[in-house]
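Engineer: Sharing a structure with you now.
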Amino acid sequence: MNFLKTIFSILHTAWVLLIFTTFMLALLPLIVFPFLLGEKFGWIGYKGLWIWAWIFSKLTGIRFKLINQHFIERGRSYIFVSNHTSFLDGPGVRLMIPGEFRPLAKKELGKIPVLGWIVRSACIIVDRGDHNSRKKSLAKLVEVLNRGISPLIFAEGTQNRTKEILQPFKDGAFRIAVDTQTTILPMVVVGASKLLYPGTMRITSPGTVKVIAGNPIDVSTFGNDIAALKNHTFQVMLDLIKKNS
């Protein structure tokens with residue numbers, strides 16, 4: 001039985017990678033080319049990413065259940081704060097957030113064939129080991145926010161490969177929120193790491209990944225207390241994960 005499960009897992013993983021790559025290549029011009037024309041055409045690229053994520057979900061047996069999507073008001077800017085558990089977070093988050101946004105992505109993702117072209121076009125790149133890079137990326141996030149586009153920040157800074165439900169949060173998202181007085185929209189991904197464990201490329205089985213939005217957090221009630229805002233958001237997201245696990 002274990003042997004059959006292993007064979008099925010290998011075949012399913014190959015199929016998922018085939019779908020991932022084939023449709024990413026097919027949609028690459030729609031995703032990347034608009035960004036070459038200028039930032040104002042970025043929404044077209046994000047529409048291409050939504051189409052890719054939708055196809056990925058339909059053809060791989062990996063379903064994304066979007067919960068409380070109505071908390072996200074179209075046309076309003078937020079700072080989206082999410083956990084990060086697996087490469088499967090990407091398509092789920094794209095399906096969850098309507099319209100255009102800008103994720104903060106580590107520079108290593110920009111080196112992955114094909115995917116790297118999209119990351120460099122659609123994301124704000126940061127070298128986590130370089131103080132100046134971190135500073136510039138935060139400034140870029142503020143610039144994006146001033147144009148009415150919501151940033152997306154994985155508050156743990158990297159994929160969670162520990163046994164803890166959440167790793168400690170970095171300050172960046174909350175510093176920007178306080179400085180710009182922008183509402184935080186907490187969001188959690190549940191179940192992705194069970195299907196694709198962080199650090200591996202083996203899909204264990206088809207299944208469902210939940211993407212859950214929390215109630216928007218009014219930053220003004222925290223004044224300039226970045227630590228209090230960070231701790232509150234952490235607890236909100238922790239509760240969301242526990243409730244939906």
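As shown in the structure tokens, the chain order sets the letters A, B, ...; within each chain, residues go from 1, and ligands are also counted from 1 in the order they appear.
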If you take only C-alpha atoms and a cut-off of 7 Å, which residues of segment 28-107 of chain A touch segment 176-197 of chain A, and what are their nearest atom pairs and distances in Å to one decimal, in chain and number order, as a tab-separated table?
Structural biologist:
residue	atom	partner	partner_atom	distance
A:Tyr78	CA	A:Thr183	CA	5.3
A:Ile79	CA	A:Ile184	CA	4.8
A:Phe80	CA	A:Leu185	CA	4.8
A:Val81	CA	A:Pro186	CA	4.9
A:Ser82	CA	A:Met187	CA	4.8
A:Asn83	CA	A:Val188	CA	5.5
A:Thr85	CA	A:Ser193	CA	5.5
A:Ser86	CA	A:Ser193	CA	5.3
A:Leu88	CA	A:Ala192	CA	5.8
A:Asp89	CA	A:Val189	CA	6.5
Engineer: Considering only C-alpha atoms, give me a table of residues in segment 113-147 of chain A that are at most 10 Å from segment 14-29 of chain A, with the closest atom pair and distance in Å for each, as a Markdown table.
Structural biologist:
| residue | atom | partner | partner_atom | distance |
| --- | --- | --- | --- | --- |
| A:Pro113 | CA | A:Thr21 | CA | 9.7 |
| A:Val114 | CA | A:Leu25 | CA | 7.2 |
| A:Leu115 | CA | A:Met24 | CA | 7.8 |
| A:Trp117 | CA | A:Leu28 | CA | 8.6 |
| A:Ile118 | CA | A:Leu28 | CA | 7.7 |
Engineer: Kindly export the residues of the current selection with C-alpha atoms, as a PDB file, in the first residue's frame.
Structural biologist:
ATOM      1  CA  PRO A 113      13.767  29.457 -14.384  1.00  0.00           C
ATOM      2  CA  VAL A 114      10.539  30.914 -15.838  1.00  0.00           C
ATOM      3  CA  LEU A 115       9.093  31.738 -12.413  1.00  0.00           C
ATOM      4  CA  TRP A 117      10.911  36.298 -14.810  1.00  0.00           C
ATOM      5  CA  ILE A 118       7.477  36.687 -13.269  1.00  0.00           C
TER       6      ILE A 118
END
Engineer: Would you return as a ChimeraX atom specification the members of segment 47-185 of chain A that DSSP assigns to alpha helix (DSSP H) on this structure's backbone?
Structural biologist: /A:47-60,89-96,115-122,131-146,172-180
Engineer: Residues near Thr162 of chain A, anyone? I mean within 12 Å using only C-alpha atoms, not counting same-chain ones fewer than 2 positions away, as a list in words.
Structural biologist: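 With the cut-off at 12 Å, the set is His84, Thr85, Glu156, Thr158, Gln159, Asn160, Glu164, Ile165, Leu166, Gln167, Pro168, Ser193, Tyr197, Pro198 and Gly199 of chain A.
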Engineer: List every residue of segment 9-153 of chain A that DSSP, applied to the backbone of this structure, places in strand (DSSP E or B), and write the result as an NGL selection string.
Structural biologist: :A and (62-67 or 79-82 or 101-106 or 124-126 or 150-153)
Engineer: Take the selection from the previous step and output its residues with C-alpha atoms, as an mmCIF file, in the first residue's frame.
Structural biologist:
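Ended up saving to again_3.cif:
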data_model
loop_
_atom_site.group_PDB
_atom_site.id
_atom_site.type_symbol
_atom_site.label_atom_id
_atom_site.label_comp_id
_atom_site.auth_asym_id
_atom_site.auth_seq_id
_atom_site.Cartn_x
_atom_site.Cartn_y
_atom_site.Cartn_z
ATOM 1 C CA ILE A 62 -5.440 21.018 -5.596
ATOM 2 C CA ARG A 63 -8.435 23.152 -4.688
ATOM 3 C CA PHE A 64 -8.324 26.533 -3.004
ATOM 4 C CA LYS A 65 -11.172 27.324 -0.631
ATOM 5 C CA LEU A 66 -11.460 31.097 -0.218
ATOM 6 C CA ILE A 67 -12.979 32.091 3.120
ATOM 7 C CA ILE A 79 -1.289 46.047 3.679
ATOM 8 C CA PHE A 80 -1.916 42.334 3.242
ATOM 9 C CA VAL A 81 -0.083 40.321 5.893
ATOM 10 C CA SER A 82 0.082 36.556 5.413
ATOM 11 C CA PHE A 101 -1.113 43.934 -5.533
ATOM 12 C CA ARG A 102 2.650 43.730 -4.980
ATOM 13 C CA PRO A 103 4.260 40.931 -2.962
ATOM 14 C CA LEU A 104 7.606 41.351 -1.279
ATOM 15 C CA ALA A 105 9.751 38.464 -2.543
ATOM 16 C CA LYS A 106 13.238 37.262 -1.650
ATOM 17 C CA ILE A 124 9.314 43.847 -5.112
ATOM 18 C CA ILE A 125 12.614 42.039 -4.615
ATOM 19 C CA VAL A 126 14.561 42.094 -1.359
ATOM 20 C CA SER A 150 -1.758 47.070 -1.879
ATOM 21 C CA PRO A 151 1.503 45.417 -0.779
ATOM 22 C CA LEU A 152 1.574 41.776 0.319
ATOM 23 C CA ILE A 153 4.094 40.877 3.001
#
Engineer: Quick one: residues within 9 Å of Trp43 of chain A, only C-alpha atoms, excluding same-chain residues fewer than 3 positions away - as a short mmCIF file (atom, residue, chain, number, x, y, z; two decimals) with C-alpha atoms, in the first residue's frame?
Structural biologist:
data_model
loop_
_atom_site.label_atom_id
_atom_site.label_comp_id
_atom_site.auth_asym_id
_atom_site.auth_seq_id
_atom_site.Cartn_x
_atom_site.Cartn_y
_atom_site.Cartn_z
CA PRO A 34 2.51 44.51 -19.50
CA PHE A 35 5.10 45.34 -16.83
CA GLU A 39 3.50 50.18 -13.97
CA LYS A 40 0.07 51.40 -15.09
CA TYR A 46 -2.02 40.29 -12.54
CA LYS A 47 -5.06 39.24 -14.55
CA GLY A 48 -2.75 36.80 -16.33
CA GLY A 99 -7.13 42.96 -8.62
CA GLU A 100 -3.55 44.09 -8.46
CA PHE A 101 -1.11 43.93 -5.53
#
Engineer: Would you compute the distance between atom CA of Pro216 of chain A and atom CA of Glu73 of chain A? Give it in Å to one decimal.
Structural biologist: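 Spanning atom CA of Pro216 of chain A to atom CA of Glu73 of chain A is a straight-line distance of 9.9 Å.
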Engineer: Choose the residue, out of A:Gly129, A:Leu59, A:Thr13, A:Phe169, that has the smallest atom-to-atom separation from His232 of chain A; count only C-alpha atoms.
Structural biologist: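 For His232 of chain A, the nearest of the candidates is A:Phe169.
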Engineer: One decimal, Å: what's the distance from atom CA of Gly148 of chain A over to atom CA of Asp225 of chain A, could you say?
Structural biologist: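 Atom-to-atom, atom CA of Gly148 of chain A and atom CA of Asp225 of chain A are spaced 24.3 Å apart.
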Engineer: Restricting the calculation to only C-alpha atoms, which member of A:Ala139, A:Met237, A:Ile44, A:Val119 is positioned closest to Ile217 of chain A?
Structural biologist: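 Distance minimum relative to Ile217 of chain A lands on A:Met237.
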Engineer: Rounded to one decimal place, report the atom CA of Ala213 of chain A-atom CA of Gly45 of chain A distance in Å.
Structural biologist: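 It comes out at 23.4 Å.
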Engineer: Can you work out which one of A:Lys230, A:Arg76, A:Lys111, A:His70 has the shortest atom-to-atom distance to Asp171 of chain A, counting only C-alpha atoms?
Structural biologist: A:Lys230
